[in-house]
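entry-v2.cif follows (mmCIF, C-alpha atoms):
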data_run
loop_
_atom_site.label_atom_id
_atom_site.label_comp_id
_atom_site.auth_asym_id
_atom_site.auth_seq_id
_atom_site.Cartn_x
_atom_site.Cartn_y
_atom_site.Cartn_z
CA MET A 1 27.36 13.60 -27.71
CA ILE A 2 26.39 10.12 -28.75
CA ASN A 3 27.39 7.35 -26.46
CA THR A 4 27.56 4.09 -28.35
CA ASN A 5 27.58 1.92 -25.25
CA PRO A 6 24.00 1.56 -24.03
CA LEU A 7 25.19 0.22 -20.69
CA GLU A 8 27.24 3.35 -19.94
CA ARG A 9 24.30 5.01 -18.19
CA TYR A 10 24.28 2.16 -15.68
CA SER A 11 28.04 2.21 -15.13
CA ARG A 12 27.90 3.43 -11.53
CA GLN A 13 25.61 0.70 -10.31
CA MET A 14 27.39 -1.92 -12.44
CA ARG A 15 30.58 -0.99 -10.62
CA PHE A 16 28.84 -1.99 -7.39
CA PRO A 17 30.11 -5.56 -6.87
CA GLY A 18 26.72 -6.96 -5.87
CA LEU A 19 25.30 -6.10 -9.27
CA GLY A 20 28.01 -6.08 -11.92
CA LYS A 21 27.31 -6.52 -15.61
CA THR A 22 25.49 -9.79 -15.06
CA GLY A 23 23.09 -8.21 -12.57
CA GLN A 24 22.50 -5.28 -14.89
CA GLU A 25 21.66 -7.53 -17.79
CA LYS A 26 19.15 -9.35 -15.62
CA LEU A 27 17.55 -6.03 -14.64
CA LEU A 28 17.26 -5.05 -18.29
CA ALA A 29 15.51 -8.33 -19.06
CA SER A 30 13.11 -8.12 -16.12
CA ARG A 31 9.45 -7.17 -15.89
CA VAL A 32 7.64 -5.49 -13.03
CA THR A 33 3.99 -4.70 -12.29
CA LEU A 34 3.62 -1.62 -10.11
CA CYS A 35 0.25 -1.49 -8.35
CA GLY A 36 -0.42 2.16 -7.56
CA CYS A 37 1.51 5.25 -8.54
CA GLY A 38 1.15 7.69 -5.66
CA ALA A 39 3.80 8.51 -3.09
CA LEU A 40 5.33 5.04 -2.85
CA GLY A 41 4.71 4.26 -6.50
CA THR A 42 6.36 7.34 -7.98
CA VAL A 43 9.52 6.73 -5.96
CA LEU A 44 9.54 3.06 -6.96
CA ALA A 45 8.97 3.81 -10.64
CA ASN A 46 11.62 6.52 -10.62
CA VAL A 47 14.29 4.28 -9.09
CA LEU A 48 13.49 1.21 -11.18
CA VAL A 49 13.29 2.98 -14.53
CA ARG A 50 16.58 4.75 -13.83
CA ALA A 51 18.11 1.42 -12.79
CA GLY A 52 17.13 -0.08 -16.13
CA VAL A 53 14.34 -2.49 -15.25
CA GLY A 54 13.32 -3.42 -18.78
CA PHE A 55 9.55 -3.34 -18.49
CA VAL A 56 7.47 -1.46 -15.94
CA ARG A 57 3.67 -1.67 -15.99
CA VAL A 58 2.28 1.24 -13.98
CA ILE A 59 -1.33 0.92 -12.83
CA ASP A 60 -3.20 3.69 -11.07
CA ARG A 61 -6.84 4.72 -10.91
CA ASP A 62 -6.33 8.29 -9.80
CA PHE A 63 -5.50 11.67 -11.30
CA VAL A 64 -2.95 14.25 -10.17
CA GLU A 65 -4.11 16.78 -7.57
CA PRO A 66 -2.36 19.71 -5.84
CA SER A 67 -2.13 17.82 -2.52
CA ASN A 68 -0.08 15.08 -4.25
CA LEU A 69 2.83 17.38 -5.14
CA GLN A 70 4.26 17.47 -1.61
CA ARG A 71 5.46 13.86 -1.94
CA GLN A 72 4.67 12.26 -5.30
CA VAL A 73 7.98 12.87 -6.99
CA LEU A 74 7.12 12.32 -10.65
CA PHE A 75 4.34 14.93 -10.82
CA ASP A 76 4.34 18.70 -11.23
CA GLU A 77 1.91 21.60 -11.50
CA SER A 78 1.32 21.11 -15.20
CA ASP A 79 0.01 17.59 -14.54
CA VAL A 80 -2.52 19.09 -12.11
CA ALA A 81 -3.50 21.82 -14.58
CA ASN A 82 -4.01 19.23 -17.32
CA ASN A 83 -6.05 16.89 -15.09
CA LEU A 84 -3.81 14.01 -16.05
CA PRO A 85 -4.25 10.48 -14.75
CA LYS A 86 -1.29 9.53 -12.58
CA ALA A 87 -0.32 6.51 -14.67
CA GLU A 88 -0.15 8.61 -17.85
CA ALA A 89 1.67 11.55 -16.23
CA ALA A 90 4.18 9.15 -14.67
CA ALA A 91 4.77 7.32 -17.96
CA THR A 92 5.58 10.60 -19.73
CA LYS A 93 8.17 11.51 -17.09
CA LEU A 94 9.61 8.01 -16.93
CA ARG A 95 10.13 7.86 -20.70
CA GLN A 96 12.00 11.16 -20.54
CA ILE A 97 14.17 9.72 -17.79
CA ASN A 98 14.98 6.51 -19.64
CA SER A 99 13.76 5.95 -23.18
CA SER A 100 15.45 2.57 -23.44
CA VAL A 101 13.04 0.77 -21.12
CA THR A 102 9.35 0.08 -21.72
CA VAL A 103 6.79 1.82 -19.54
CA GLU A 104 3.19 0.69 -19.88
CA PRO A 105 0.67 2.97 -18.15
CA ILE A 106 -2.74 1.57 -17.28
CA VAL A 107 -5.45 3.87 -15.93
CA ALA A 108 -7.61 1.44 -14.01
CA ASP A 109 -8.95 0.44 -10.65
CA ILE A 110 -7.12 -2.68 -9.54
CA ASN A 111 -9.63 -5.27 -8.41
CA ARG A 112 -10.07 -9.01 -8.23
CA THR A 113 -11.28 -9.25 -11.82
CA ASN A 114 -8.24 -7.65 -13.43
CA ILE A 115 -5.25 -8.02 -11.12
CA GLU A 116 -4.20 -11.44 -12.42
CA ASP A 117 -4.07 -10.05 -15.96
CA PHE A 118 -2.09 -7.02 -14.78
CA CYS A 119 0.46 -9.25 -13.06
CA ASP A 120 0.72 -11.74 -15.91
CA GLY A 121 4.27 -11.99 -17.17
CA ALA A 122 5.72 -9.99 -14.30
CA ASP A 123 8.79 -11.28 -12.45
CA LEU A 124 7.86 -9.17 -9.43
CA ILE A 125 4.86 -7.24 -8.12
CA LEU A 126 5.40 -3.98 -6.30
CA ASP A 127 3.02 -2.37 -3.85
CA GLY A 128 2.66 1.32 -4.56
CA SER A 129 -0.88 1.41 -3.19
CA ASP A 130 -2.42 3.13 -0.21
CA ASN A 131 -4.86 0.51 0.97
CA PHE A 132 -5.03 -3.05 2.24
CA GLU A 133 -7.63 -4.22 -0.23
CA ILE A 134 -5.08 -3.98 -3.03
CA ARG A 135 -2.33 -5.41 -0.83
CA TYR A 136 -4.33 -8.54 0.01
CA LEU A 137 -5.20 -8.93 -3.67
CA ILE A 138 -1.50 -8.68 -4.55
CA ASN A 139 -0.74 -11.21 -1.80
CA ASP A 140 -3.28 -13.68 -3.22
CA VAL A 141 -1.86 -13.30 -6.75
CA SER A 142 1.67 -13.64 -5.44
CA ILE A 143 0.99 -16.94 -3.65
CA LYS A 144 -1.32 -18.31 -6.35
CA HIS A 145 1.11 -17.61 -9.20
CA ASN A 146 4.37 -17.96 -7.28
CA LYS A 147 5.63 -14.41 -7.85
CA PRO A 148 7.42 -12.39 -5.19
CA TRP A 149 6.10 -9.01 -4.07
CA VAL A 150 7.23 -6.19 -1.81
CA TYR A 151 4.82 -4.56 0.65
CA GLY A 152 5.31 -0.96 1.72
CA GLY A 153 3.12 1.30 3.83
CA ALA A 154 3.54 4.77 5.32
CA VAL A 155 1.43 7.15 7.37
CA GLY A 156 2.40 10.12 9.50
CA SER A 157 6.11 9.68 10.18
CA GLN A 158 5.92 5.87 10.24
CA GLY A 159 6.62 3.28 7.65
CA MET A 160 6.77 -0.46 7.16
CA SER A 161 8.06 -2.80 4.48
CA MET A 162 8.31 -6.52 3.94
CA THR A 163 9.35 -8.77 1.08
CA ILE A 164 7.23 -11.83 0.34
CA ILE A 165 8.77 -14.77 -1.51
CA PRO A 166 6.12 -17.49 -1.90
CA GLY A 167 7.12 -20.74 -0.22
CA GLU A 168 10.13 -19.14 1.48
CA THR A 169 8.89 -16.29 3.66
CA PRO A 170 5.68 -15.58 5.56
CA CYS A 171 3.05 -13.87 3.41
CA LEU A 172 1.15 -10.70 4.28
CA ARG A 173 -1.71 -12.65 5.83
CA CYS A 174 0.73 -14.58 8.02
CA VAL A 175 1.74 -11.24 9.50
CA PHE A 176 -1.46 -9.20 9.31
CA GLU A 177 -4.35 -11.59 9.04
CA ALA A 178 -6.96 -8.96 8.31
CA ALA A 179 -7.10 -5.32 7.31
CA PRO A 180 -7.89 -2.56 9.77
CA ALA A 181 -11.40 -1.20 9.31
CA PRO A 182 -11.70 2.49 8.36
CA GLY A 183 -11.02 4.66 11.39
CA GLU A 184 -9.24 1.90 13.31
CA THR A 185 -5.74 3.11 12.54
CA GLY A 186 -4.18 6.34 11.33
CA THR A 187 -4.91 7.41 7.77
CA CYS A 188 -3.48 10.12 5.56
CA GLU A 189 -6.44 12.22 6.67
CA THR A 190 -6.09 11.85 10.43
CA ALA A 191 -2.33 11.51 10.72
CA GLY A 192 -1.07 13.20 7.56
CA VAL A 193 2.11 11.90 5.98
CA LEU A 194 5.68 13.14 5.73
CA ALA A 195 7.34 12.75 2.33
CA PRO A 196 10.63 11.41 3.76
CA ALA A 197 8.80 8.57 5.54
CA VAL A 198 7.25 7.43 2.26
CA ASN A 199 10.46 7.97 0.32
CA ILE A 200 12.44 5.82 2.73
CA VAL A 201 9.89 3.00 2.66
CA ALA A 202 9.77 3.09 -1.15
CA SER A 203 13.56 3.12 -1.29
CA TYR A 204 13.67 -0.03 0.83
CA GLN A 205 11.11 -1.60 -1.51
CA ALA A 206 13.11 -0.54 -4.58
CA THR A 207 16.28 -2.02 -3.12
CA GLU A 208 14.52 -5.34 -2.56
CA ALA A 209 13.24 -5.20 -6.13
CA ILE A 210 16.73 -4.65 -7.48
CA LYS A 211 18.04 -7.57 -5.43
CA LEU A 212 15.31 -9.94 -6.62
CA LEU A 213 15.43 -8.88 -10.26
CA SER A 214 19.22 -8.98 -10.50
CA GLY A 215 19.46 -12.54 -9.20
CA ASN A 216 20.46 -11.67 -5.65
CA LYS A 217 17.69 -13.42 -3.72
CA ALA A 218 20.19 -14.52 -1.07
CA VAL A 219 20.54 -10.95 0.24
CA VAL A 220 16.82 -10.18 0.37
CA ASN A 221 15.65 -8.86 3.74
CA ARG A 222 13.33 -11.45 5.24
CA GLU A 223 12.21 -9.44 8.23
CA LEU A 224 9.60 -6.74 8.75
CA ILE A 225 11.10 -3.25 8.60
CA ILE A 226 9.47 -0.74 10.94
CA LEU A 227 10.58 2.87 11.07
CA ASP A 228 9.55 6.26 12.36
CA VAL A 229 11.46 9.25 11.01
CA TRP A 230 10.10 11.58 13.69
CA GLU A 231 10.72 9.34 16.70
CA ASN A 232 14.07 8.20 15.32
CA THR A 233 13.41 4.48 15.34
CA ASN A 234 14.35 1.98 12.67
CA LYS A 235 14.26 -1.71 13.30
CA ARG A 236 13.75 -5.08 11.73
CA VAL A 237 11.67 -7.69 13.48
CA LYS A 238 11.34 -11.38 12.81
CA VAL A 239 7.88 -12.22 11.61
CA ALA A 240 6.35 -15.60 12.29
CA PRO A 241 7.39 -18.08 9.63
CA LEU A 242 4.93 -20.35 7.87
CA ALA A 243 5.24 -22.94 10.64
CA GLY A 244 4.64 -20.25 13.28
CA ARG A 245 0.95 -20.30 12.50
CA LYS A 246 0.97 -24.08 12.60
CA GLY A 247 0.03 -24.22 8.94
CA GLN A 248 -3.03 -22.07 9.62
CA CYS A 249 -2.39 -19.18 7.24
CA PRO A 250 -5.53 -19.03 5.08
CA CYS A 251 -3.53 -17.81 2.09
CA CYS A 252 -0.09 -19.39 1.89
CA ALA A 253 -0.82 -22.55 3.91
CA LYS A 254 -4.39 -23.36 2.90
CA ARG A 255 -4.29 -21.59 -0.47
CA ASN A 256 -7.66 -19.94 0.04
CA PHE A 257 -7.46 -16.81 -2.07
CA GLU A 258 -10.28 -15.03 -0.31
CA TRP A 259 -9.62 -11.60 -1.77
CA LEU A 260 -9.29 -12.87 -5.32
CA ASP A 261 -12.39 -15.02 -4.85
CA GLY A 262 -14.40 -12.00 -3.74
CA ALA A 263 -15.04 -13.08 -0.14
CA HIS A 264 -13.61 -9.72 0.85
CA GLY A 265 -13.56 -6.36 -0.84
CA THR A 266 -16.34 -4.21 -2.09
CA GLN A 267 -17.23 -2.23 -5.11
CA THR A 268 -16.72 0.99 -3.23
CA THR A 269 -13.52 2.26 -1.68
CA THR A 270 -13.24 5.18 0.72
CA LEU A 271 -10.22 7.18 -0.42
CA CYS A 272 -7.56 7.97 2.13
CA GLY A 273 -7.67 11.57 3.29
CA ARG A 274 -10.05 12.99 0.75
CA ASN A 275 -13.64 12.76 1.96
CA ALA A 276 -14.25 10.80 -1.21
CA VAL A 277 -15.48 7.39 -2.26
CA GLN A 278 -14.63 5.50 -5.40
CA VAL A 279 -17.42 3.55 -6.98
CA SER A 280 -16.37 0.80 -9.34
CA HIS A 281 -18.87 -0.06 -11.95
CA ARG A 282 -18.12 -2.27 -14.86
CA VAL A 283 -19.41 -1.20 -18.21
CA LYS A 284 -18.98 -2.84 -21.58
CA GLY A 285 -16.73 -0.71 -23.73
CA LYS A 286 -16.08 2.90 -22.85
CA LEU A 287 -18.31 5.61 -21.50
CA ASP A 288 -19.36 8.25 -24.01
CA PHE A 289 -18.29 11.45 -22.24
CA ALA A 290 -19.91 13.76 -24.79
CA TYR A 291 -23.27 12.13 -24.25
CA LEU A 292 -22.90 11.94 -20.49
CA ALA A 293 -21.91 15.61 -20.39
CA THR A 294 -25.10 16.68 -22.13
CA VAL A 295 -27.15 14.67 -19.66
CA LEU A 296 -25.33 15.96 -16.59
CA LYS A 297 -25.39 19.61 -17.69
CA GLN A 298 -28.99 19.69 -16.54
CA SER A 299 -27.91 19.04 -12.97
CA GLY A 300 -24.60 20.87 -12.55
CA GLU A 301 -21.26 21.97 -13.98
CA VAL A 302 -19.59 19.55 -16.40
CA SER A 303 -16.21 19.46 -18.13
CA TYR A 304 -14.25 16.62 -19.70
CA ASN A 305 -11.09 15.66 -21.56
CA LYS A 306 -10.08 12.43 -23.21
CA PHE A 307 -9.32 10.74 -19.87
CA LEU A 308 -11.99 11.92 -17.44
CA LEU A 309 -15.18 13.84 -16.91
CA LYS A 310 -15.75 16.22 -13.99
CA PHE A 311 -19.21 16.96 -12.70
CA GLN A 312 -20.03 19.30 -9.83
CA LEU A 313 -23.40 19.59 -8.23
CA VAL A 314 -25.12 20.71 -5.06
CA GLU A 315 -27.69 18.39 -3.58
CA ASN A 316 -29.71 19.41 -0.51
CA GLY A 317 -27.14 22.14 0.14
CA ASP A 318 -24.18 19.70 0.05
CA PRO A 319 -21.60 20.08 -2.72
CA TYR A 320 -20.30 16.97 -4.52
CA GLU A 321 -17.75 16.52 -7.25
CA PHE A 322 -17.69 13.48 -9.52
CA THR A 323 -14.64 12.45 -11.49
CA VAL A 324 -15.78 9.83 -13.96
CA PHE A 325 -13.38 7.62 -15.90
CA GLU A 326 -13.92 5.93 -19.25
CA ASP A 327 -14.25 2.51 -17.65
CA GLY A 328 -17.32 3.64 -15.74
CA ARG A 329 -15.58 4.16 -12.45
CA ALA A 330 -16.22 7.36 -10.49
CA ILE A 331 -14.55 9.12 -7.60
CA ILE A 332 -17.19 11.03 -5.68
CA LYS A 333 -15.96 13.83 -3.45
CA GLY A 334 -18.06 15.27 -0.68
CA THR A 335 -18.84 12.08 1.20
CA ASP A 336 -16.96 9.27 2.88
CA GLU A 337 -20.02 7.02 3.05
CA PRO A 338 -20.01 4.21 0.48
CA ASP A 339 -23.79 3.97 0.46
CA LYS A 340 -24.22 7.67 -0.20
CA ALA A 341 -21.65 7.44 -2.99
CA ARG A 342 -23.41 4.46 -4.54
CA THR A 343 -26.67 6.34 -4.43
CA LEU A 344 -25.17 9.42 -6.06
CA TYR A 345 -23.53 7.30 -8.72
CA ALA A 346 -26.71 5.46 -9.56
CA LYS A 347 -28.60 8.73 -9.64
CA TYR A 348 -26.32 10.67 -11.98
CA VAL A 349 -24.10 8.25 -13.86
CA GLY A 350 -26.54 5.35 -13.86
CA HIS A 351 -25.94 1.95 -15.31
CA MET B 352 11.92 -2.75 36.97
CA ALA B 353 8.88 -3.72 35.02
CA ILE B 354 7.81 -4.76 31.57
CA LYS B 355 7.81 -1.92 29.08
CA VAL B 356 5.01 -1.76 26.53
CA GLN B 357 5.56 0.39 23.47
CA ILE B 358 2.33 2.07 22.39
CA PRO B 359 1.87 2.80 18.66
CA THR B 360 0.80 6.28 17.55
CA PRO B 361 -2.84 5.37 16.76
CA MET B 362 -3.35 4.15 20.35
CA ARG B 363 -1.72 7.00 22.23
CA GLU B 364 -4.95 8.86 22.75
CA GLN B 365 -5.90 5.91 24.96
CA SER B 366 -2.55 5.86 26.80
CA GLY B 367 -2.69 9.51 27.79
CA GLY B 368 -0.20 10.38 25.07
CA LYS B 369 2.47 8.04 26.40
CA ALA B 370 4.69 6.21 23.91
CA GLU B 371 5.82 3.69 26.50
CA VAL B 372 4.13 2.45 29.67
CA GLU B 373 5.18 0.02 32.39
CA VAL B 374 3.18 -3.06 33.34
CA THR B 375 3.68 -6.24 35.36
CA GLY B 376 2.85 -9.88 34.69
CA ALA B 377 4.45 -13.25 34.11
CA THR B 378 3.11 -13.84 30.62
CA VAL B 379 2.26 -11.66 27.62
CA LYS B 380 -1.41 -12.21 28.45
CA ALA B 381 -0.98 -11.08 32.06
CA ALA B 382 1.09 -8.09 31.01
CA LEU B 383 -1.55 -6.96 28.51
CA GLU B 384 -4.29 -7.48 31.10
CA ASP B 385 -2.38 -5.16 33.41
CA LEU B 386 -2.05 -2.67 30.54
CA LEU B 387 -5.84 -2.68 30.17
CA ARG B 388 -6.33 -2.29 33.91
CA GLN B 389 -4.21 0.86 33.81
CA TYR B 390 -5.56 2.14 30.50
CA PRO B 391 -9.06 0.69 30.04
CA ALA B 392 -9.69 2.78 26.92
CA MET B 393 -7.07 0.70 25.11
CA GLY B 394 -9.26 -2.39 25.38
CA PRO B 395 -11.37 -1.93 22.26
CA LYS B 396 -8.37 -0.62 20.32
CA LEU B 397 -6.31 -3.72 21.06
CA PHE B 398 -8.86 -6.52 21.40
CA ALA B 399 -12.00 -7.69 19.62
CA ASP B 400 -13.99 -10.71 20.83
CA GLY B 401 -11.30 -11.47 23.40
CA LYS B 402 -8.54 -11.70 20.81
CA ILE B 403 -5.84 -9.29 19.71
CA ARG B 404 -7.13 -7.51 16.63
CA PRO B 405 -5.90 -9.29 13.49
CA TYR B 406 -3.94 -6.32 12.14
CA ILE B 407 -1.93 -5.84 15.33
CA ASN B 408 1.18 -7.84 16.11
CA VAL B 409 2.84 -8.21 19.48
CA PHE B 410 6.60 -8.38 19.51
CA LEU B 411 8.68 -9.43 22.51
CA ASN B 412 12.13 -7.89 22.21
CA ASP B 413 11.66 -7.73 18.43
CA GLU B 414 10.36 -11.27 18.07
CA ASP B 415 6.80 -12.05 17.00
CA ILE B 416 5.04 -13.80 19.92
CA ARG B 417 3.46 -16.17 17.40
CA TYR B 418 7.01 -17.38 16.84
CA LEU B 419 7.19 -18.06 20.60
CA ASP B 420 4.29 -19.26 22.77
CA GLU B 421 1.82 -16.62 21.63
CA MET B 422 -0.11 -15.11 24.59
CA ASP B 423 1.39 -17.67 26.98
CA THR B 424 4.92 -16.51 26.24
CA ALA B 425 6.75 -15.89 29.51
CA VAL B 426 7.97 -12.35 30.18
CA THR B 427 10.38 -11.04 32.78
CA ASP B 428 11.21 -7.59 34.10
CA GLY B 429 13.08 -5.44 31.66
CA VAL B 430 11.67 -6.93 28.46
CA ILE B 431 10.01 -4.75 25.84
CA LEU B 432 6.62 -5.62 24.40
CA ALA B 433 5.85 -3.69 21.21
CA LEU B 434 2.34 -3.42 19.80
CA ILE B 435 2.67 -3.03 16.04
CA PRO B 436 -0.38 -2.33 13.89
CA ALA B 437 -0.26 -2.61 10.11
CA VAL B 438 0.62 0.65 8.35
CA ALA B 439 -1.90 1.31 5.64
CA GLY B 440 -1.15 4.51 3.76
CA GLY B 441 1.28 5.15 0.97
#

Just give me the structure of the file as structure tokens.
Amino acid sequence: MINTNPLERYSRQMRFPGLGKTGQEKLLASRVTLCGCGALGTVLANVLVRAGVGFVRVIDRDFVEPSNLQRQVLFDESDVANNLPKAEAAATKLRQINSSVTVEPIVADINRTNIEDFCDGADLILDGSDNFEIRYLINDVSIKHNKPWVYGGAVGSQGMSMTIIPGETPCLRCVFEAAPAPGETGTCETAGVLAPAVNIVASYQATEAIKLLSGNKAVVNRELIILDVWENTNKRVKVAPLAGRKGQCPCCAKRNFEWLDGAHGTQTTTLCGRNAVQVSHRVKGKLDFAYLATVLKQSGEVSYNKFLLKFQLVENGDPYEFTVFEDGRAIIKGTDEPDKARTLYAKYVGH
Amino acid sequence: MAIKVQIPTPMREQSGGKAEVEVTGATVKAALEDLLRQYPAMGPKLFADGKIRPYINVFLNDEDIRYLDEMDTAVTDGVILALIPAVAGG
């Protein structure tokens, strides 16, 4: 059956009065940058691609693992078996879902040196990440370049979401001035996470995205959504407006982009729930996996494909597993100490 | 009647597992001081250098106290103070 009307697939949401044909056409012409494609990100990408958002750039640094499948809706066992990067695996699924929109996967670690490029041209930035370093970077880019973004977070049975429209609503730093240090609040490791909690948060985020991209800014939720699916609470609270901090917000009032400027953030990131540390290391060009594999074979087990290289070794009786990406970045499993990870990286991957 | 303080999940180890506790005081500051008198272990979870930790918000009946008079905001019996830390995962 060939349907000659390309808008037919969107007929049910176009019938919704808030959207209509005009709203749909705006969605089709819109561009989104999705930062992170894990639990929140896969739900966001799924909803937006189905809804007909014309261009979705999906950025993620990670690869698909068995423990992702409980909640990361775009992935399946074959993605695990093939060691696929999340951005690539998601793009394949998303193109099958809707071949009429453009999906651009980027396998990369989002950091202060690349995030402005990743968000260039986007009408909206979406938070599909699992850490505050990326969220504060998004917040800086949002305020600096006057682009809205939607924060979402989930852990255990709890979730939170907020929409930031520069110049109109408080920004993330108005509400949470600084990030919790590791161990100060619940993480995926200590508290676990329920799929429905993440799905609900991402669905709120996706709804806000559809409102903003379809020209319905007037109905955007301007409060902080806080929910707990286990304790049966769901509320919206008023967050302090720009004036509530007496013009003191370092980001949206004073326009100090501390995360983009590198005053915060490190080159290592402890990964939520995995006894692993990511070490970012910039190299010119791409790593030569074939060469690296021959070097590392002297110290442990090595395997690689076109996206990543795996290296397992035992050092002083402790097992470690490296996953090395073409851009020089490595995820080192077996430690949650950044210094140890840096040392291991320098020792085996080098400069 | 007293002031009810809602304790977030990451701080319940320090509140003896309680999700809500009762305190007294005429201001948010006094109420939180009473909270710490009853549950001293919550001190370092909630405060650093004498200030509320920057990733925790205090809401009085669903309004950010920074929107009101911050720690000097007056409270009366029956109000709910919610301690809301940022949710990181995802």

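Each of A:Pro319, A:Gly153, A:Gly23, A:Gly121 was compared to chain B using all atoms listed in the file, and A:Gly153 turns out to be the nearest.
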
Requested in this report: Let me know the residues the PyMOL selection byres ((chain A and resi 161) around 10) catches in the file above, as a ChimeraX atom specification.
Outcome: /A:127,150-154,159-160,162-164,200-205,208,221,223-227,236 /B:438

Can I get the selection written as a short mmCIF file (atom, residue, chain, number, x, y, z; two decimals), keeping the file's coordinate frame, with C-alpha atoms?
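Everything below was put into again22.cif:
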data_model
loop_
_atom_site.label_atom_id
_atom_site.label_comp_id
_atom_site.auth_asym_id
_atom_site.auth_seq_id
_atom_site.Cartn_x
_atom_site.Cartn_y
_atom_site.Cartn_z
CA ASP A 127 3.02 -2.37 -3.85
CA VAL A 150 7.23 -6.19 -1.81
CA TYR A 151 4.82 -4.56 0.65
CA GLY A 152 5.31 -0.96 1.72
CA GLY A 153 3.12 1.30 3.83
CA ALA A 154 3.54 4.77 5.32
CA GLY A 159 6.62 3.28 7.65
CA MET A 160 6.77 -0.46 7.16
CA MET A 162 8.31 -6.52 3.94
CA THR A 163 9.35 -8.77 1.08
CA ILE A 164 7.23 -11.83 0.34
CA ILE A 200 12.44 5.82 2.73
CA VAL A 201 9.89 3.00 2.66
CA ALA A 202 9.77 3.09 -1.15
CA SER A 203 13.56 3.12 -1.29
CA TYR A 204 13.67 -0.03 0.83
CA GLN A 205 11.11 -1.60 -1.51
CA GLU A 208 14.52 -5.34 -2.56
CA ASN A 221 15.65 -8.86 3.74
CA GLU A 223 12.21 -9.44 8.23
CA LEU A 224 9.60 -6.74 8.75
CA ILE A 225 11.10 -3.25 8.60
CA ILE A 226 9.47 -0.74 10.94
CA LEU A 227 10.58 2.87 11.07
CA ARG A 236 13.75 -5.08 11.73
CA VAL B 438 0.62 0.65 8.35
#

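With only C-alpha atoms taken into account, chain B has Thr360, Pro361, Lys396, Pro405, Tyr406, Ile407, Asn408, Phe410, Asp413, Glu414, Asp415, Ile416, Arg417, Tyr418, Pro436, Ala437, Val438, Ala439, Gly440 and Gly441 of chain B at most 8 Å from chain A.
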
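Rounded to one decimal, atom CA of Arg31 of chain A and atom CA of Asn5 of chain A lie 22.3 Å from each other.
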
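Nearest-residue note for Ile331 of chain A: choosing from A:Pro6, A:Phe311, A:Ala276, A:Thr169, the minimum distance belongs to A:Ala276, counting all atoms listed in the file.
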
Requested in this report: Return as number ranges by chain the set of residues that the PyMOL selection byres ((chain A and resi 142) around 9) yields on the displayed structure.
Outcome: A: 119, 124-125, 137-141, 143-149, 164-166, 171

Please tell me which residues are no farther than 10 Å from (4.9, -5.6, 36.1) in the file, counting all atoms listed in the file, and write them as a PDB file with C-alpha atoms, keeping the file's coordinate frame.
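File produced: out.pdb:
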ATOM      1  CA  MET B 352      11.920  -2.750  36.970  1.00  0.00           C
ATOM      2  CA  ALA B 353       8.880  -3.720  35.020  1.00  0.00           C
ATOM      3  CA  ILE B 354       7.810  -4.760  31.570  1.00  0.00           C
ATOM      4  CA  LYS B 355       7.810  -1.920  29.080  1.00  0.00           C
ATOM      5  CA  GLU B 373       5.180   0.020  32.390  1.00  0.00           C
ATOM      6  CA  VAL B 374       3.180  -3.060  33.340  1.00  0.00           C
ATOM      7  CA  THR B 375       3.680  -6.240  35.360  1.00  0.00           C
ATOM      8  CA  GLY B 376       2.850  -9.880  34.690  1.00  0.00           C
ATOM      9  CA  ALA B 377       4.450 -13.250  34.110  1.00  0.00           C
ATOM     10  CA  ALA B 381      -0.980 -11.080  32.060  1.00  0.00           C
ATOM     11  CA  ALA B 382       1.090  -8.090  31.010  1.00  0.00           C
ATOM     12  CA  ASP B 385      -2.380  -5.160  33.410  1.00  0.00           C
ATOM     13  CA  LEU B 386      -2.050  -2.670  30.540  1.00  0.00           C
ATOM     14  CA  VAL B 426       7.970 -12.350  30.180  1.00  0.00           C
ATOM     15  CA  THR B 427      10.380 -11.040  32.780  1.00  0.00           C
ATOM     16  CA  ASP B 428      11.210  -7.590  34.100  1.00  0.00           C
ATOM     17  CA  GLY B 429      13.080  -5.440  31.660  1.00  0.00           C
TER      18      GLY B 429
END

Query raised in the report: Exactly which residues make up the result of the PyMOL selection byres ((chain A and resi 216) around 12) on this file, given as a ChimeraX atom specification?
Result: /A:17-20,22-24,26-27,207-215,217-221

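Shortest separation to Ile403 of chain B among B:Ala370, B:Met422, B:Val430, B:Val356 occurs at residue B:Met422, atoms counted being only C-alpha atoms.
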
Requested in this report: For Asp423 of chain B, work out the shell of residues within 8 Å, counting all atoms listed in the file and skipping chain neighbours fewer than 6 positions away, then give it as number ranges by chain.
Outcome: B: 378-380

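Around Phe75 of chain A, within 7 Å and counting all atoms listed in the file, the residues found are A:Leu69, A:Asp79, A:Ala89, A:Ala90, once anything fewer than 4 positions away on its own chain is removed.
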
**Report entry** Within 12 Å of Gln298 of chain A using all atoms listed in the file, minus same-chain residues under 3 positions, as a list in words
**Finding:** Leu292, Ala293, Thr294, Val295, Glu301, Val302, Phe311, Gln312, Leu313 and Tyr348 of chain A
